[in-house]
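File shown: start.cif (mmCIF, C-alpha atoms).
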data_protein
#
loop_
_atom_site.label_atom_id
_atom_site.label_comp_id
_atom_site.auth_asym_id
_atom_site.auth_seq_id
_atom_site.Cartn_x
_atom_site.Cartn_y
_atom_site.Cartn_z
CA MET A 1 5.51 51.77 70.24
CA LEU A 2 7.49 49.37 68.12
CA SER A 3 9.44 46.62 69.75
CA ARG A 4 13.13 47.45 70.11
CA ILE A 5 13.84 43.96 68.87
CA ARG A 6 12.26 45.04 65.64
CA ALA A 7 14.93 47.70 65.24
CA ASN A 8 17.25 44.76 64.53
CA ILE A 9 15.38 43.33 61.55
CA PRO A 10 18.22 42.41 59.21
CA ASP A 11 18.43 44.20 55.89
CA LYS A 12 17.78 41.56 53.27
CA SER A 13 17.81 43.88 50.29
CA ALA A 14 21.09 42.40 49.10
CA GLU A 15 19.58 38.91 48.93
CA PRO A 16 18.17 37.65 45.66
CA ALA A 17 14.53 38.58 45.18
CA LEU A 18 12.03 35.94 46.20
CA PRO A 19 10.11 34.34 43.37
CA ALA A 20 6.58 35.71 43.11
CA GLU A 21 4.77 32.91 44.98
CA PRO A 22 3.60 31.08 41.87
CA GLU A 23 2.77 27.97 43.84
CA LEU A 24 0.08 29.49 46.01
CA LYS A 25 -3.49 28.56 45.19
CA ALA A 26 -6.65 30.40 46.17
CA TYR A 27 -9.05 28.57 48.48
CA GLU A 28 -12.54 29.43 49.67
CA VAL A 29 -13.24 28.70 53.33
CA PHE A 30 -16.54 27.54 54.81
CA ILE A 31 -17.12 27.19 58.54
CA GLN A 32 -19.78 25.41 60.56
CA LEU A 33 -20.70 26.93 63.91
CA LYS A 34 -22.66 23.93 65.19
CA ARG A 35 -23.00 20.36 64.10
CA SER A 36 -25.90 19.84 61.70
CA GLU A 37 -25.97 23.53 60.79
CA PRO A 38 -24.94 24.61 57.31
CA HIS A 39 -21.38 25.52 56.46
CA VAL A 40 -21.23 29.20 55.64
CA HIS A 41 -18.71 31.02 53.53
CA ALA A 42 -16.18 32.73 55.82
CA GLY A 43 -13.65 34.10 53.33
CA SER A 44 -10.72 33.04 51.24
CA LEU A 45 -6.99 32.50 51.55
CA ASP A 46 -3.91 31.52 49.56
CA ALA A 47 -2.00 28.34 50.38
CA PRO A 48 0.50 26.03 48.70
CA ASP A 49 -1.63 22.90 49.14
CA ASP A 50 -4.79 21.47 50.70
CA GLU A 51 -3.26 20.54 54.04
CA VAL A 52 -1.75 23.96 54.64
CA ALA A 53 -4.97 25.58 53.44
CA LEU A 54 -6.83 23.76 56.20
CA GLU A 55 -4.26 24.85 58.77
CA PHE A 56 -4.43 28.46 57.65
CA ALA A 57 -8.22 28.33 57.64
CA ARG A 58 -8.26 27.11 61.22
CA GLU A 59 -6.08 30.00 62.35
CA HIS A 60 -7.81 32.66 60.23
CA TYR A 61 -11.46 31.91 60.24
CA ALA A 62 -12.07 29.59 63.17
CA ARG A 63 -10.51 31.55 66.01
CA ASP A 64 -12.79 34.53 66.59
CA GLN A 65 -15.94 32.46 66.90
CA GLN A 66 -16.69 28.94 68.07
CA CYS A 67 -16.49 26.58 65.13
CA VAL A 68 -16.84 22.83 64.92
CA HIS A 69 -15.94 22.12 61.32
CA ILE A 70 -14.16 23.65 58.34
CA TRP A 71 -14.26 23.08 54.60
CA VAL A 72 -11.62 24.46 52.29
CA VAL A 73 -12.29 24.32 48.56
CA PRO A 74 -9.81 25.20 45.84
CA ARG A 75 -11.37 28.16 44.10
CA ALA A 76 -10.51 26.54 40.78
CA ALA A 77 -12.83 23.65 41.69
CA ILE A 78 -15.86 25.90 41.96
CA VAL A 79 -18.14 25.98 38.96
CA ALA A 80 -19.86 29.35 38.76
CA THR A 81 -22.06 31.50 36.59
CA ASP A 82 -20.75 34.49 34.68
CA TYR A 83 -22.02 37.89 35.79
CA ASP A 84 -22.22 39.19 32.25
CA LYS A 85 -23.18 36.16 30.23
CA ASP A 86 -25.43 34.09 32.43
CA LEU A 87 -28.97 34.91 33.32
CA VAL A 88 -29.45 34.05 37.00
CA TRP A 89 -32.57 35.99 38.00
CA ARG A 90 -35.30 36.12 35.39
CA ASN A 91 -35.86 39.35 33.56
CA THR A 92 -39.63 39.46 33.68
CA ASP A 93 -41.70 40.38 36.75
CA GLN A 94 -41.02 37.68 39.32
CA SER A 95 -42.68 39.32 42.32
CA TYR A 96 -45.20 36.48 42.58
CA ARG A 97 -42.31 34.13 43.42
CA LEU A 98 -41.07 36.14 46.38
CA ALA A 99 -43.81 34.89 48.70
CA ARG A 100 -43.93 38.23 50.50
CA GLY A 101 -47.58 37.71 51.46
CA TYR A 102 -46.58 35.16 54.07
CA GLN A 103 -44.72 37.78 56.10
CA ASP A 104 -48.05 39.16 57.34
CA VAL A 105 -49.65 35.84 58.15
CA ARG A 106 -48.03 35.51 61.52
CA LYS A 107 -49.10 39.03 62.58
CA LYS A 108 -52.64 38.40 61.45
CA TRP A 109 -52.74 35.12 63.28
CA GLU A 110 -51.45 36.63 66.53
CA LYS A 111 -53.96 39.46 66.34
CA PHE A 112 -56.75 36.99 65.78
CA ARG A 113 -55.78 34.81 68.74
CA LYS A 114 -55.85 37.76 71.12
CA LYS A 115 -59.56 38.28 70.51
CA LYS A 116 -61.87 37.09 73.30
CA ASP A 117 -64.18 35.68 70.69
CA VAL A 118 -61.67 32.95 70.09
CA ASP A 119 -61.90 31.65 73.66
CA GLU A 120 -65.68 31.72 73.50
CA TYR A 121 -65.69 29.97 70.19
CA GLN A 122 -63.35 27.26 71.46
CA LYS A 123 -65.52 26.61 74.55
CA LEU A 124 -68.53 26.14 72.35
CA ASP A 125 -66.58 24.04 69.98
CA LEU A 126 -65.50 21.67 72.75
CA LYS A 127 -69.04 21.33 74.15
CA GLU A 128 -70.45 20.48 70.83
CA GLY A 129 -67.65 18.11 70.16
CA PHE A 130 -68.61 15.97 73.13
CA MET B 1 -1.32 17.37 99.00
CA ASP B 2 1.81 17.04 101.13
CA PRO B 3 2.77 20.67 101.97
CA SER B 4 6.41 19.96 101.13
CA LEU B 5 5.36 19.36 97.51
CA ARG B 6 3.79 22.77 97.03
CA GLU B 7 7.06 24.56 96.31
CA PRO B 8 8.38 21.95 93.81
CA LEU B 9 4.97 22.02 92.11
CA ARG B 10 5.02 25.79 91.86
CA GLU B 11 8.52 25.62 90.35
CA LEU B 12 7.45 23.02 87.80
CA LEU B 13 4.34 24.94 86.77
CA LEU B 14 6.33 28.15 86.49
CA SER B 15 8.76 26.42 84.14
CA VAL B 16 5.89 25.31 81.88
CA ALA B 17 4.20 28.71 81.99
CA ASP B 18 7.42 30.69 81.52
CA ASP B 19 8.45 28.62 78.49
CA LYS B 20 5.10 29.32 76.90
CA PHE B 21 5.01 32.98 77.89
CA LEU B 22 8.43 33.74 76.49
CA LEU B 23 7.94 31.63 73.37
CA GLY B 24 4.65 33.38 72.70
CA HIS B 25 6.36 36.72 73.13
CA ARG B 26 9.25 35.79 70.84
CA ASN B 27 6.87 34.53 68.17
CA ALA B 28 4.63 37.57 68.48
CA ASP B 29 7.58 39.62 67.26
CA TRP B 30 6.88 38.09 63.85
CA THR B 31 3.46 39.70 63.61
CA GLY B 32 3.53 41.71 60.41
CA LEU B 33 6.79 40.11 59.31
CA GLY B 34 5.74 36.54 58.48
CA PRO B 35 6.87 35.07 55.17
CA ILE B 36 3.37 35.22 53.66
CA LEU B 37 0.24 36.93 54.92
CA GLU B 38 -1.57 33.71 55.80
CA GLU B 39 1.33 32.36 57.83
CA ASP B 40 1.78 35.73 59.48
CA ILE B 41 -1.74 35.44 60.86
CA ALA B 42 -1.42 31.74 61.71
CA PHE B 43 1.88 32.20 63.54
CA SER B 44 0.50 35.19 65.46
CA SER B 45 -2.56 33.20 66.38
CA ILE B 46 -0.41 30.37 67.71
CA ALA B 47 1.72 32.87 69.62
CA GLN B 48 -1.50 34.05 71.28
CA ASP B 49 -2.29 30.45 72.20
CA GLU B 50 1.05 30.11 73.96
CA ILE B 51 0.46 33.28 75.96
CA GLY B 52 -3.07 32.06 76.72
CA HIS B 53 -1.68 28.78 78.04
CA ALA B 54 0.81 30.69 80.18
CA GLU B 55 -1.97 32.86 81.58
CA ALA B 56 -4.08 29.82 82.48
CA LEU B 57 -1.11 28.28 84.29
CA TYR B 58 -0.27 31.48 86.16
CA GLN B 59 -3.91 31.66 87.23
CA LEU B 60 -3.83 28.05 88.39
CA ILE B 61 -0.67 28.71 90.43
CA HIS B 62 -2.26 31.75 92.05
CA ALA B 63 -5.63 30.10 92.70
CA GLU B 64 -4.36 26.77 94.00
CA LEU B 65 -0.94 27.50 95.44
CA GLY B 66 -1.48 31.10 96.53
CA GLY B 67 0.93 34.02 96.35
CA ALA B 68 1.33 36.47 93.50
CA THR B 69 -1.47 37.04 90.98
CA ALA B 70 -1.20 35.91 87.36
CA ASN B 71 -0.20 39.41 86.25
CA GLU B 72 2.43 39.69 88.95
CA LEU B 73 3.81 36.28 88.04
CA ALA B 74 4.00 37.27 84.39
CA TYR B 75 5.42 40.75 84.79
CA ALA B 76 6.70 41.46 88.27
CA ARG B 77 9.29 38.82 89.00
CA ALA B 78 13.04 39.34 89.05
CA PRO B 79 14.90 37.62 86.16
CA ALA B 80 16.26 34.93 88.52
CA GLU B 81 12.70 33.97 89.43
CA TYR B 82 11.82 32.90 85.88
CA ARG B 83 12.17 29.22 84.99
CA CYS B 84 12.21 29.28 81.18
CA ALA B 85 14.79 27.37 79.14
CA ALA B 86 17.69 29.03 77.29
CA LEU B 87 16.47 27.67 73.95
CA ILE B 88 13.51 30.05 74.10
CA GLU B 89 15.52 33.04 75.26
CA GLN B 90 17.66 33.19 72.15
CA PRO B 91 16.62 35.78 69.57
CA ASP B 92 15.90 34.37 66.11
CA GLU B 93 17.17 37.54 64.42
CA PHE B 94 14.19 37.31 62.10
CA ASP B 95 15.52 34.19 60.48
CA TRP B 96 12.32 32.28 59.70
CA ALA B 97 14.12 28.94 59.69
CA ARG B 98 15.31 29.55 63.22
CA ALA B 99 11.87 30.66 64.40
CA ILE B 100 10.25 27.54 62.96
CA VAL B 101 12.91 25.18 64.28
CA ARG B 102 12.60 26.73 67.75
CA GLN B 103 8.84 26.32 67.59
CA PHE B 104 9.26 22.75 66.32
CA PHE B 105 11.62 21.78 69.16
CA CYS B 106 9.53 23.49 71.84
CA ASP B 107 6.15 22.22 70.67
CA HIS B 108 7.28 18.60 70.50
CA PHE B 109 8.67 18.97 74.00
CA ASP B 110 5.53 20.64 75.27
CA VAL B 111 3.28 17.85 74.02
CA LEU B 112 5.30 15.33 76.04
CA ARG B 113 5.36 17.53 79.11
CA LEU B 114 1.63 18.17 78.88
CA GLN B 115 0.99 14.43 78.53
CA ARG B 116 2.71 13.97 81.85
CA LEU B 117 0.80 16.82 83.48
CA ALA B 118 -2.49 15.48 82.09
CA MET B 119 -1.83 12.25 84.01
CA SER B 120 -1.26 14.11 87.27
CA ASN B 121 -3.27 12.91 90.25
CA TRP B 122 -3.86 16.57 91.11
CA LYS B 123 -7.16 17.08 89.30
CA PRO B 124 -7.10 20.85 88.58
CA LEU B 125 -3.76 20.43 86.83
CA ALA B 126 -4.72 17.28 84.93
CA ALA B 127 -7.89 18.94 83.65
CA LEU B 128 -6.09 22.07 82.43
CA ALA B 129 -3.20 20.11 80.93
CA SER B 130 -5.44 17.82 78.90
CA ARG B 131 -7.25 20.82 77.41
CA MET B 132 -3.93 22.44 76.52
CA LEU B 133 -2.57 19.17 75.15
CA ALA B 134 -5.20 19.07 72.40
CA GLU B 135 -4.23 22.59 71.35
CA GLU B 136 -0.53 21.83 71.57
CA ARG B 137 -1.00 18.98 69.09
CA VAL B 138 -2.33 21.56 66.61
CA HIS B 139 0.86 23.57 67.16
CA VAL B 140 2.99 20.51 66.53
CA GLN B 141 1.14 19.81 63.31
CA HIS B 142 1.79 23.39 62.19
CA ALA B 143 5.50 23.17 63.00
CA ASP B 144 5.85 19.75 61.32
CA THR B 145 4.18 21.11 58.20
CA TRP B 146 6.79 23.84 57.87
CA ILE B 147 9.71 21.58 58.72
CA GLN B 148 8.70 19.21 55.95
CA ARG B 149 7.82 21.77 53.33
CA LEU B 150 10.90 23.91 53.80
CA GLY B 151 13.11 20.85 54.24
CA ARG B 152 11.87 19.48 50.92
CA GLY B 153 11.54 22.90 49.25
CA THR B 154 14.46 24.39 47.38
CA SER B 155 18.14 23.76 48.12
CA ASP B 156 18.18 27.22 49.69
CA SER B 157 15.24 26.54 52.03
CA HIS B 158 16.69 23.14 52.91
CA GLN B 159 20.06 24.65 53.78
CA ARG B 160 18.49 27.37 55.91
CA MET B 161 16.44 24.84 57.85
CA GLN B 162 19.45 22.60 58.41
CA ASN B 163 21.46 25.61 59.60
CA GLY B 164 18.64 26.49 61.99
CA ILE B 165 18.60 22.97 63.39
CA ASN B 166 22.38 22.89 63.79
CA LEU B 167 22.42 26.26 65.51
CA LEU B 168 19.61 25.58 67.98
CA TRP B 169 20.66 22.00 68.66
CA LYS B 170 23.34 23.29 71.03
CA ALA B 171 20.64 24.62 73.35
CA VAL B 172 18.05 21.81 73.27
CA ALA B 173 19.40 20.21 76.45
CA ALA B 174 18.05 23.24 78.31
CA LEU B 175 14.51 21.96 77.75
CA PHE B 176 15.19 18.78 79.69
CA GLU B 177 16.68 20.34 82.79
CA HIS B 178 14.43 19.95 85.81
CA THR B 179 13.19 22.38 88.35
CA GLY B 180 13.90 21.57 92.00
CA GLY B 181 12.07 18.67 93.65
CA LYS B 182 11.16 16.88 90.42
CA ASP B 183 11.77 13.41 91.86
CA ALA B 184 9.42 14.04 94.77
CA LEU B 185 6.71 15.21 92.35
CA GLU B 186 7.15 12.06 90.27
CA ARG B 187 6.96 9.79 93.31
CA ALA B 188 3.82 11.52 94.55
CA GLY B 189 2.07 11.07 91.19
CA LEU B 190 1.82 14.80 90.60
CA TYR B 191 4.10 14.63 87.57
CA PRO B 192 4.09 11.02 86.43
CA PRO B 193 6.93 9.96 84.14
CA LEU B 194 6.20 8.54 80.69
CA GLN B 195 7.17 4.98 79.84
CA ARG B 196 10.48 6.16 78.44
CA PRO B 197 12.54 9.27 79.29
CA THR B 198 11.04 12.46 77.86
CA ALA B 199 14.30 13.39 76.11
CA ALA B 200 14.41 10.03 74.29
CA LEU B 201 10.80 10.30 73.14
CA TRP B 202 11.37 13.89 72.04
CA HIS B 203 14.55 12.99 70.15
CA GLU B 204 12.75 10.22 68.31
CA ALA B 205 9.80 12.46 67.39
CA VAL B 206 11.86 15.36 66.04
CA ARG B 207 14.15 12.97 64.18
CA GLN B 208 11.23 11.31 62.49
CA GLN B 209 9.59 14.57 61.45
CA ALA B 210 12.86 16.14 60.32
CA ALA B 211 13.70 13.02 58.30
CA ALA B 212 10.36 13.34 56.51
CA GLY B 213 11.62 16.77 55.43
CA GLY B 214 15.02 15.38 54.43
CA LEU B 215 16.67 17.15 57.37
CA ALA B 216 19.26 15.65 59.70
CA ILE B 217 18.92 15.64 63.47
CA PRO B 218 22.15 14.85 65.37
CA ALA B 219 22.38 11.41 66.94
CA ALA B 220 22.73 12.64 70.50
CA ILE B 221 21.52 15.49 72.65
CA PRO B 222 24.61 17.42 73.76
CA ASP B 223 25.27 18.25 77.41
CA LEU B 224 23.90 21.54 78.66
CA GLU B 225 26.21 24.41 77.77
CA SER B 226 23.78 27.27 78.18
CA PRO B 227 22.71 28.54 81.62
CA ASP B 228 20.13 26.44 83.46
CA GLY B 229 16.98 28.51 83.29
CA ARG B 230 15.14 25.92 85.37
CA HIS B 231 17.17 27.24 88.32
CA GLY B 232 16.88 30.90 87.39
CA VAL B 233 20.20 31.26 85.57
CA HIS B 234 19.60 32.93 82.23
CA THR B 235 21.37 34.01 79.06
CA PRO B 236 22.30 37.68 78.56
CA ASP B 237 19.54 37.80 75.91
CA PHE B 238 16.96 37.11 78.60
CA ALA B 239 17.55 40.35 80.51
CA GLU B 240 16.89 42.37 77.36
CA LEU B 241 13.86 40.28 76.47
CA LEU B 242 12.33 40.60 79.93
CA ALA B 243 13.03 44.33 80.13
CA GLU B 244 11.09 44.86 76.95
CA LEU B 245 8.30 42.47 77.87
CA THR B 246 7.68 44.17 81.21
CA GLU B 247 8.23 47.74 80.08
CA VAL B 248 4.57 48.74 80.00
CA TYR B 249 3.73 46.92 83.22
CA ARG B 250 6.51 48.70 85.06
CA VAL B 251 5.16 52.13 84.10
CA GLU B 252 2.42 51.59 86.66
CA PRO B 253 2.38 48.19 88.32
CA GLY B 254 -1.10 47.05 89.24
CA ALA B 255 -2.87 49.47 86.90
CA ALA B 256 -6.30 48.25 85.82
CA TRP B 257 -6.76 47.90 82.06
#

This entry written out as C-alpha cells:
Amino acid sequence: MLSRIRANIPDKSAEPALPAEPELKAYEVFIQLKRSEPHVHAGSLDAPDDEVALEFAREHYARDQQCVHIWVVPRAAIVATDYDKDLVWRNTDQSYRLARGYQDVRKKWEKFRKKKDVDEYQKLDLKEGF
Amino acid sequence: MDPSLREPLRELLLSVADDKFLLGHRNADWTGLGPILEEDIAFSSIAQDEIGHAEALYQLIHAELGGATANELAYARAPAEYRCAALIEQPDEFDWARAIVRQFFCDHFDVLRLQRLAMSNWKPLAALASRMLAEERVHVQHADTWIQRLGRGTSDSHQRMQNGINLLWKAVAALFEHTGGKDALERAGLYPPLQRPTAALWHEAVRQQAAAGGLAIPAAIPDLESPDGRHGVHTPDFAELLAELTEVYRVEPGAAW
C-alpha cells in the first residue's frame, strides 16, 4: 500500500527539465570485511566527487555486512586491458600451469595417515632414533 | 536511582526516541523519490538508522524503566503521549531542500543531545548513547555535505536551500524545549549539561556549516511559536502522520510478525 503522503507528491512537470547529470562520475567500490584481509570489489556508483562517493559507498555497500574499510576509485583512474585487443590468457595449452594435481595431495595424505602401518612405522622410527 | 527521577527520565528518553522515530518515518517517505539513485539509497539507509536508534531507546525504556514494550511505545500511544518536536512533524511536501535542511537541523541537535546522554552517570544510557553518537556524526557529515553542495551549486539550488532554511527556522525553537523534570535530571548527573547551552552550540554549528555553503542562518533563534511537543501538544500535521504510521499496527495490535 502506498503512503497517503505520497498522493501529495507535487507535480513538477511544469518546471524546467533538470540537466542530465553531466557532473556525476563513475566510481568502483572496494570493501574490506576485516583488517588485514584484502579489499574486494563490491560494486560501482555514480557521485559528483570523491567525498560524496565515499559517503554513498558507505550507505550502499557497507551496510548489509560488517565492513571495516572502504576504497572508492574513480573508474577513469583504472588502467585495464581490452577484451578484444589484449591477450590475457595464453592461447596455447596452459593446463600445466593450473596446478590441479595438488588438489588430490591432501586426500592422499589423509588416507595415508589413517593406515595403522604409519603408527607402527613411527614407533620404530623413534626407537631407532634414540 | 532516585525513584522520583524515573518519570522525568522516561519523558526525556521518549523525546529523543520520538524525534528519531518520526524523522526516520518522514525521511523514509523519500524512498524511491530521492534526487539521484545513490542518494535515494543513502537517505533511506540513514532513515533506517534513525528508526533503529528509536527502537533501541524504546527497548531501553521498557527494559530499565518498565511499562509498555518497544512496539507499544512506538505504535500504541495516544498523540498527546508523544514527545517529538514540531520541526519534525512538518511535512516537507517533497521539497528536497526542506528535507535536507530538516535533517541538517535535527542531526546537529541530536549530536549535542547524544553527547550529553553519553556522559550520563546511568551506565546503560551512557553506553547506548555513545554508540549512537558515532553513527549520528555520520548523519551530520551527510547533511553538511548536501548543505554545502546545494548552497554552492547553482543560483536555483542556493535559493531553494535558503528558502528551506528560512521556512524551517520558525520551528527550530521546538527542538530546545524540555520535557518535564529536566533540571532534576541535570542535577542528578543523568543528563549532564554541556559547557555552554545546547541551543548556543547548535546555533554556532549550523551557522558555520551553512556559511561554508554560502547560506545565511538568522542571528537569533526565535521564540517558540509552534506547539510544544515536549509536553504532548502537537501540530495538526502530527495527527495525520501518526495515523498513517500506526495504521498497520492498529489492524491487529500485538500481532506477531

Each residue of chain A with at least one atom at most 8 Å from chain B should appear once, together with its nearest atom pair and the corresponding distance in Å (one decimal); atoms considered: only C-alpha atoms; ordering: chain, then increasing residue number; output as a tab-separated table.
residue	atom	partner	partner_atom	distance
A:Ser3	CA	B:Glu244	CA	7.6
A:Arg4	CA	B:Glu244	CA	7.6
A:Ile5	CA	B:Asp29	CA	7.8
A:Arg6	CA	B:Asp29	CA	7.3
A:Asn8	CA	B:Glu93	CA	7.2
A:Ile9	CA	B:Phe94	CA	6.2
A:Pro10	CA	B:Phe94	CA	7.1
A:Leu45	CA	B:Glu38	CA	7.0
A:Asp46	CA	B:Glu38	CA	7.0
A:Ala47	CA	B:Glu38	CA	7.6
A:Val52	CA	B:Thr145	CA	7.5
A:Glu55	CA	B:His142	CA	7.1
A:Phe56	CA	B:Ala42	CA	6.0
A:Glu59	CA	B:Ala42	CA	5.0
A:His60	CA	B:Ala42	CA	6.6

Pull C-alpha atoms from the residues just selected and write them as a short mmCIF file (atom, residue, chain, number, x, y, z; two decimals), in the frame of the given file.
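Dumped to out.cif:
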data_model
loop_
_atom_site.label_atom_id
_atom_site.label_comp_id
_atom_site.auth_asym_id
_atom_site.auth_seq_id
_atom_site.Cartn_x
_atom_site.Cartn_y
_atom_site.Cartn_z
CA SER A 3 9.44 46.62 69.75
CA ARG A 4 13.13 47.45 70.11
CA ILE A 5 13.84 43.96 68.87
CA ARG A 6 12.26 45.04 65.64
CA ASN A 8 17.25 44.76 64.53
CA ILE A 9 15.38 43.33 61.55
CA PRO A 10 18.22 42.41 59.21
CA LEU A 45 -6.99 32.50 51.55
CA ASP A 46 -3.91 31.52 49.56
CA ALA A 47 -2.00 28.34 50.38
CA VAL A 52 -1.75 23.96 54.64
CA GLU A 55 -4.26 24.85 58.77
CA PHE A 56 -4.43 28.46 57.65
CA GLU A 59 -6.08 30.00 62.35
CA HIS A 60 -7.81 32.66 60.23
#

Open item on the list: I need the residue nearest Ala210 of chain B from this list: B:His158, B:His234, B:Lys20, B:Arg113. Use all atoms listed in the file for the distance.
Closed with: B:His158

TODO: Enter the distance from atom CA of Gly232 of chain B to atom CA of Leu22 of chain B, in Å, rounded to one decimal.
DONE: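 Pair atom CA of Gly232 of chain B / atom CA of Leu22 of chain B returns 14.1 Å.
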
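Reported to one decimal place, the separation of atom CA of Lys123 of chain A from atom CA of Lys108 of chain A is 21.8 Å.
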
- [ ] Would you kindly translate the PyMOL selection byres ((chain B and resi 177) around 10) into the concrete residues it picks from this file, as an MDAnalysis selection string?
- [x] chainID B and resid 85 172:176 178:180 199 224 228:231

Could you write those residues out with C-alpha atoms, as a tab-separated table (two decimals), in the coordinates of the input?
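Wrote it out as selection19.tsv, contents follow:
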chain	number	residue	atom	x	y	z
B	85	ALA	CA	14.79	27.37	79.14
B	172	VAL	CA	18.05	21.81	73.27
B	173	ALA	CA	19.40	20.21	76.45
B	174	ALA	CA	18.05	23.24	78.31
B	175	LEU	CA	14.51	21.96	77.75
B	176	PHE	CA	15.19	18.78	79.69
B	178	HIS	CA	14.43	19.95	85.81
B	179	THR	CA	13.19	22.38	88.35
B	180	GLY	CA	13.90	21.57	92.00
B	199	ALA	CA	14.30	13.39	76.11
B	224	LEU	CA	23.90	21.54	78.66
B	228	ASP	CA	20.13	26.44	83.46
B	229	GLY	CA	16.98	28.51	83.29
B	230	ARG	CA	15.14	25.92	85.37
B	231	HIS	CA	17.17	27.24	88.32

Task: Residue members of the PyMOL selection byres ((chain B and resi 87) around 10) in the file shown, as a list in words - done: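 What the PyMOL selection byres ((chain B and resi 87) around 10) grabs from the file is Asp19, Leu23, Cys84, Ala85, Ala86, Ile88, Glu89, Gln90, Pro91, Arg102, Phe105, Cys106, Leu168, Trp169, Lys170, Ala171, Val172, Ala173, Ala174, Leu175, Ser226, Pro227, Gly229 and Thr235 of chain B.
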
TODO: Just give me the gap between atom CA of Val140 of chain B and atom CA of Asp107 of chain B in Å, one decimal is fine.
DONE: 5.5 Å

Open item on the list: What would the selection look like, as a PyMOL selection string, if the PyMOL selection byres ((chain B and resi 115) around 12) were run on the coordinates I just shared?
Closed with: chain B and resi 108-114+116-120+125-134+136-137+191-195+198+201

Distance query Ala243 of chain B at most 12 Å, all atoms listed in the file, self and fewer than 4 positions along chain excluded, as an mmCIF file with C-alpha atoms, in the coordinates of the input:
data_model
loop_
_atom_site.group_PDB
_atom_site.id
_atom_site.type_symbol
_atom_site.label_atom_id
_atom_site.label_comp_id
_atom_site.auth_asym_id
_atom_site.auth_seq_id
_atom_site.Cartn_x
_atom_site.Cartn_y
_atom_site.Cartn_z
ATOM 1 C CA SER A 3 9.440 46.620 69.750
ATOM 2 C CA ARG A 4 13.130 47.450 70.110
ATOM 3 C CA ILE A 5 13.840 43.960 68.870
ATOM 4 C CA TYR B 75 5.420 40.750 84.790
ATOM 5 C CA ALA B 76 6.700 41.460 88.270
ATOM 6 C CA ARG B 77 9.290 38.820 89.000
ATOM 7 C CA ALA B 78 13.040 39.340 89.050
ATOM 8 C CA PRO B 79 14.900 37.620 86.160
ATOM 9 C CA PRO B 236 22.300 37.680 78.560
ATOM 10 C CA ASP B 237 19.540 37.800 75.910
ATOM 11 C CA PHE B 238 16.960 37.110 78.600
ATOM 12 C CA ALA B 239 17.550 40.350 80.510
ATOM 13 C CA GLU B 247 8.230 47.740 80.080
ATOM 14 C CA VAL B 248 4.570 48.740 80.000
ATOM 15 C CA TYR B 249 3.730 46.920 83.220
ATOM 16 C CA ARG B 250 6.510 48.700 85.060
ATOM 17 C CA VAL B 251 5.160 52.130 84.100
#

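Residue nearest Ser157 of chain B, chosen from B:Tyr82, B:Trp122, B:Trp202, B:Trp96 and counting all atoms listed in the file: B:Trp96.
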
Open item on the list: Given the point (-2.9, 24.6, 51.3) in the file's coordinates, find the residues that have an atom at most 10 Å from it, counting all atoms listed in the file, and give them as a VMD selection string.
Closed with: chain A and resid 23 to 27 45 to 57 72 to 74

Residues from last step as file, C-alpha atoms, as a PDB file, in the frame of the given file:
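After the write, result-v2.pdb holds the following:
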ATOM      1  CA  GLU A  23       2.770  27.970  43.840  1.00  0.00           C
ATOM      2  CA  LEU A  24       0.080  29.490  46.010  1.00  0.00           C
ATOM      3  CA  LYS A  25      -3.490  28.560  45.190  1.00  0.00           C
ATOM      4  CA  ALA A  26      -6.650  30.400  46.170  1.00  0.00           C
ATOM      5  CA  TYR A  27      -9.050  28.570  48.480  1.00  0.00           C
ATOM      6  CA  LEU A  45      -6.990  32.500  51.550  1.00  0.00           C
ATOM      7  CA  ASP A  46      -3.910  31.520  49.560  1.00  0.00           C
ATOM      8  CA  ALA A  47      -2.000  28.340  50.380  1.00  0.00           C
ATOM      9  CA  PRO A  48       0.500  26.030  48.700  1.00  0.00           C
ATOM     10  CA  ASP A  49      -1.630  22.900  49.140  1.00  0.00           C
ATOM     11  CA  ASP A  50      -4.790  21.470  50.700  1.00  0.00           C
ATOM     12  CA  GLU A  51      -3.260  20.540  54.040  1.00  0.00           C
ATOM     13  CA  VAL A  52      -1.750  23.960  54.640  1.00  0.00           C
ATOM     14  CA  ALA A  53      -4.970  25.580  53.440  1.00  0.00           C
ATOM     15  CA  LEU A  54      -6.830  23.760  56.200  1.00  0.00           C
ATOM     16  CA  GLU A  55      -4.260  24.850  58.770  1.00  0.00           C
ATOM     17  CA  PHE A  56      -4.430  28.460  57.650  1.00  0.00           C
ATOM     18  CA  ALA A  57      -8.220  28.330  57.640  1.00  0.00           C
ATOM     19  CA  VAL A  72     -11.620  24.460  52.290  1.00  0.00           C
ATOM     20  CA  VAL A  73     -12.290  24.320  48.560  1.00  0.00           C
ATOM     21  CA  PRO A  74      -9.810  25.200  45.840  1.00  0.00           C
TER      22      PRO A  74
END

Task: Test item: residues at most 9 Å from Met1 of chain B, all atoms listed in the file, excluding those fewer than 2 positions along its chain, as a PyMOL selection string - done: chain B and resi 3-6+122+188

Task: Option closest in space to Gln208 of chain B, from B:Asp156, B:Ala220, B:Ala256, B:Ile147 [counting only C-alpha atoms] - done: B:Ile147

Task: Exercise: residues within 9 Å of coordinate (-13.6, 23.1, 58.8), counting only C-alpha atoms, as a PyMOL selection string - done: chain A and resi 29-32+39+54+57-58+62+67-72

Please write a file for segment 32-47 of chain A, taken from the block I just shared, that holds C-alpha atoms and is laid out as an mmCIF file, in the first residue's frame.
data_model
loop_
_atom_site.group_PDB
_atom_site.id
_atom_site.type_symbol
_atom_site.label_atom_id
_atom_site.label_comp_id
_atom_site.auth_asym_id
_atom_site.auth_seq_id
_atom_site.Cartn_x
_atom_site.Cartn_y
_atom_site.Cartn_z
ATOM 1 C CA GLN A 32 37.316 -4.851 3.457
ATOM 2 C CA LEU A 33 35.474 -7.153 5.843
ATOM 3 C CA LYS A 34 38.309 -7.489 8.358
ATOM 4 C CA ARG A 35 41.536 -5.662 8.933
ATOM 5 C CA SER A 36 44.458 -7.225 7.081
ATOM 6 C CA GLU A 37 42.128 -9.012 4.662
ATOM 7 C CA PRO A 38 42.049 -7.942 1.030
ATOM 8 C CA HIS A 39 39.667 -5.297 -0.232
ATOM 9 C CA VAL A 40 37.190 -6.908 -2.567
ATOM 10 C CA HIS A 41 35.204 -5.317 -5.332
ATOM 11 C CA ALA A 42 31.662 -4.640 -4.089
ATOM 12 C CA GLY A 43 30.149 -2.713 -6.996
ATOM 13 C CA SER A 44 30.036 0.722 -8.501
ATOM 14 C CA LEU A 45 28.199 4.004 -8.099
ATOM 15 C CA ASP A 46 27.909 7.491 -9.547
ATOM 16 C CA ALA A 47 28.854 10.537 -7.489
#
